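See structure below.
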Amino acid sequence: MTDQSSEPTVLDLGLILCDDVPEDGRERFGNYTGMFTRGLQAADPDVRLTPYNAYLGELPDAPGDHAGYLVSGSGASVFEDRQWIRDAMAFIRRCRDDRVRVVGICFGHQLIAHALGGETIRSDNGWGFGIHRARLTAGRDWIDADSPEFRLIVIHQDQVVSLPPGFETIASNDFCPHSIITDDDLMLGIQGHPEFSKDYCAYRAEARRELIGEPKYQETLELLANNETDSTAVLGWVSRFLRRAA
C-alpha cells in the first residue's frame with residue numbers, strides 16, 4: 001500500500017504577467033512563463049504555473065483559483081495611469097482580503113507596495129542594471145541561507161520608497177534600501193529578478209544601451225562577467241513562502 005503522505009504536493013500558482021520578452025528575443029530566450037517555470041522548478045519540481053496576461057487585460061476570475069500568485073516584472077511603472085495596472089492592483093487587494101499569498105518580482109514588488117498603501121517613485125539613484133548584492137536584515141522560517149548576503153540580477157529605475165502598513169524590509173543595500181519586503185503573512189516583494197539569466201540581462205542592457213548611457217552599460221557587462229547569482233536559492237525562498245498557503 002502506497003503512503004500517500006510521502007507523495008509530493010503540486011503547488012498550483014497563477015503567474016500574473018505584466019509584460020513579456022520582446023519579440024526579437026523570444027527565439028533565443030523564450031518567454032517569461034518559461035523563465036519562471038524553469039527557475040522555480042529547479043528549486044521546487046512540483047510547482048505548476050498558469051499564466052495570465054494582465055498587461056493585455058487578463059486576470060484570474062477569483063483569488064481562490066490558485067494556491068498563490070507570482071507577479072512579474074514590466075517595462076511600465078506602477079504609477080502610470082493605465083487600466084490594466086489599476087486592475088492588477090485591485091486583484092492584489094482581493095488576494096489580501098481573501099488571504100491568498102502573492103509574490104511580486106521587480107514591477108510586481110512595486111505593485112504590491114503601491115496597491116496596499118506604500119509608494120513607488122522614479123528613483124534619484126538612476127538605473128540599477130546587472131548583478132547587485134543585498135543583505136538579509138531579518139530572518140524568516142522560509143529563508144534557508146548560509147550567508148546573509150545574496151546576489152540577483154536587477155533591471156529597474158523605479159523603487160519602493162515607503163512600505164504599506166504592516167510590512168517590513170528584510171533585505172537591503174545602499175542602492176535599493178527596500179530590496180525585499182514582506183508582511184510575513186500574505187505578501188512578499190523582491191526587487192531583483194531571480195528568473196532572469198545573465199545572457200538575458202545582457203540582451204536587455206544592449207537594447208537600452210542609449211537609454212542607460214555608455215558608462216552604465218559597460219558597468220553592467222562587467223558585473224555580469226564577474227559575478228554569479230543566487231537565483232535558485234531565492235526561488236526556493238519563494239516556493240517555501242507560497243507553500244505555507246497551500
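Every chain in the C-alpha cells has a letter given in the order shown (A, B, ...), and although residue numbers restart at 1 in each chain, ligands are simply numbered from 1 in the order shown.
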List the spatial neighbours of A:Gly57 as a VMD selection string - criterion: any atom at most 9 Å away, only C-alpha atoms, same-chain residues fewer than 5 positions off excluded.
chain A and resid 52 83 to 84 87 to 88
Per-residue nearest contacts stretch 138-240 of chain A to stretch 101-115 of chain A, cut-off 6 Å, using only C-alpha atoms, as CSV:
```
residue,atom,partner,partner_atom,distance
A:Val160,CA,A:Gln110,CA,5.8
A:Pro164,CA,A:Ala113,CA,5.8
A:Leu186,CA,A:Arg101,CA,4.5
A:Met187,CA,A:Val102,CA,5.0
A:Leu188,CA,A:Val103,CA,4.7
A:Gly189,CA,A:His109,CA,4.0
A:Ile190,CA,A:Ile105,CA,5.1
A:Gln191,CA,A:Cys106,CA,4.2
A:Gly192,CA,A:Cys106,CA,5.8
```
Just-selected residues, N, CA and C atoms written as a CSV table (one decimal), in the first residue's frame:
```
chain,number,residue,atom,x,y,z
A,160,VAL,N,10.6,51.2,-4.5
A,160,VAL,CA,9.7,51.4,-3.4
A,160,VAL,C,10.4,52.3,-2.4
A,164,PRO,N,3.8,49.6,2.8
A,164,PRO,CA,2.5,49.6,3.2
A,164,PRO,C,2.4,49.3,4.7
A,186,LEU,N,1.1,37.2,4.0
A,186,LEU,CA,0.5,37.0,2.7
A,186,LEU,C,1.3,37.5,1.5
A,187,MET,N,2.1,38.6,1.7
A,187,MET,CA,2.7,39.2,0.6
A,187,MET,C,4.2,39.3,0.7
A,188,LEU,N,4.9,39.1,-0.4
A,188,LEU,CA,6.4,39.2,-0.5
A,188,LEU,C,6.8,39.9,-1.7
A,189,GLY,N,7.6,40.9,-1.6
A,189,GLY,CA,8.1,41.6,-2.8
A,189,GLY,C,9.6,41.6,-2.9
A,190,ILE,N,10.1,41.2,-4.1
A,190,ILE,CA,11.6,41.1,-4.3
A,190,ILE,C,11.9,42.0,-5.5
A,191,GLN,N,12.8,43.0,-5.3
A,191,GLN,CA,13.2,43.9,-6.3
A,191,GLN,C,14.0,43.2,-7.5
A,192,GLY,N,14.8,42.3,-7.1
A,192,GLY,CA,15.7,41.6,-8.1
A,192,GLY,C,14.9,40.6,-9.0
```
Which of A:Ala207, A:Asp185, A:Cys18, A:His178 sits closest to A:Leu59 [using only C-alpha atoms]:
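Smallest separation from A:Leu59 among the options: A:Cys18.
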A:Thr229 surroundings by only C-alpha atoms, 9 Å radius, close-in-sequence under 5 positions cut, as a ChimeraX atom specification
/A:131-133,150-153,194,197-198
Got time to write the residues from that selection, C-alpha atoms, as a PDB file, in the first residue's frame?
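And here's out02.pdb as it stands now:
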```
ATOM      1  CA  ILE A 131      24.061  41.873 -10.648  1.00  0.00           C
ATOM      2  CA  HIS A 132      23.630  43.561  -7.279  1.00  0.00           C
ATOM      3  CA  ARG A 133      24.446  42.211  -3.850  1.00  0.00           C
ATOM      4  CA  PHE A 150      22.823  37.181  -1.818  1.00  0.00           C
ATOM      5  CA  ARG A 151      23.138  38.332  -5.427  1.00  0.00           C
ATOM      6  CA  LEU A 152      20.426  38.829  -8.037  1.00  0.00           C
ATOM      7  CA  ILE A 153      20.096  40.368 -11.469  1.00  0.00           C
ATOM      8  CA  PRO A 194      15.718  35.541  -9.840  1.00  0.00           C
ATOM      9  CA  SER A 197      19.695  34.679 -16.797  1.00  0.00           C
ATOM     10  CA  LYS A 198      22.882  36.685 -17.222  1.00  0.00           C
TER      11      LYS A 198
END
```
Counting only C-alpha atoms, the residue among A:Phe167, A:Phe79, A:Phe175, A:Phe196 that lies closest to A:Ser231 is A:Phe196
Which residues in stretch 3-209 of chain A does DSSP call strand (DSSP E)? List them as a VMD selection string.
chain A and resid 11 to 17 47 to 53 68 to 71 101 to 105 119 to 122 128 to 136 149 to 156 158 to 162 168 to 172 180 to 182 187 to 190
How many Å lie between atom CA of A:Glu119 and atom CA of A:Leu15, rounded to one decimal?
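Going from atom CA of A:Glu119 over to atom CA of A:Leu15 covers 23.2 Å.
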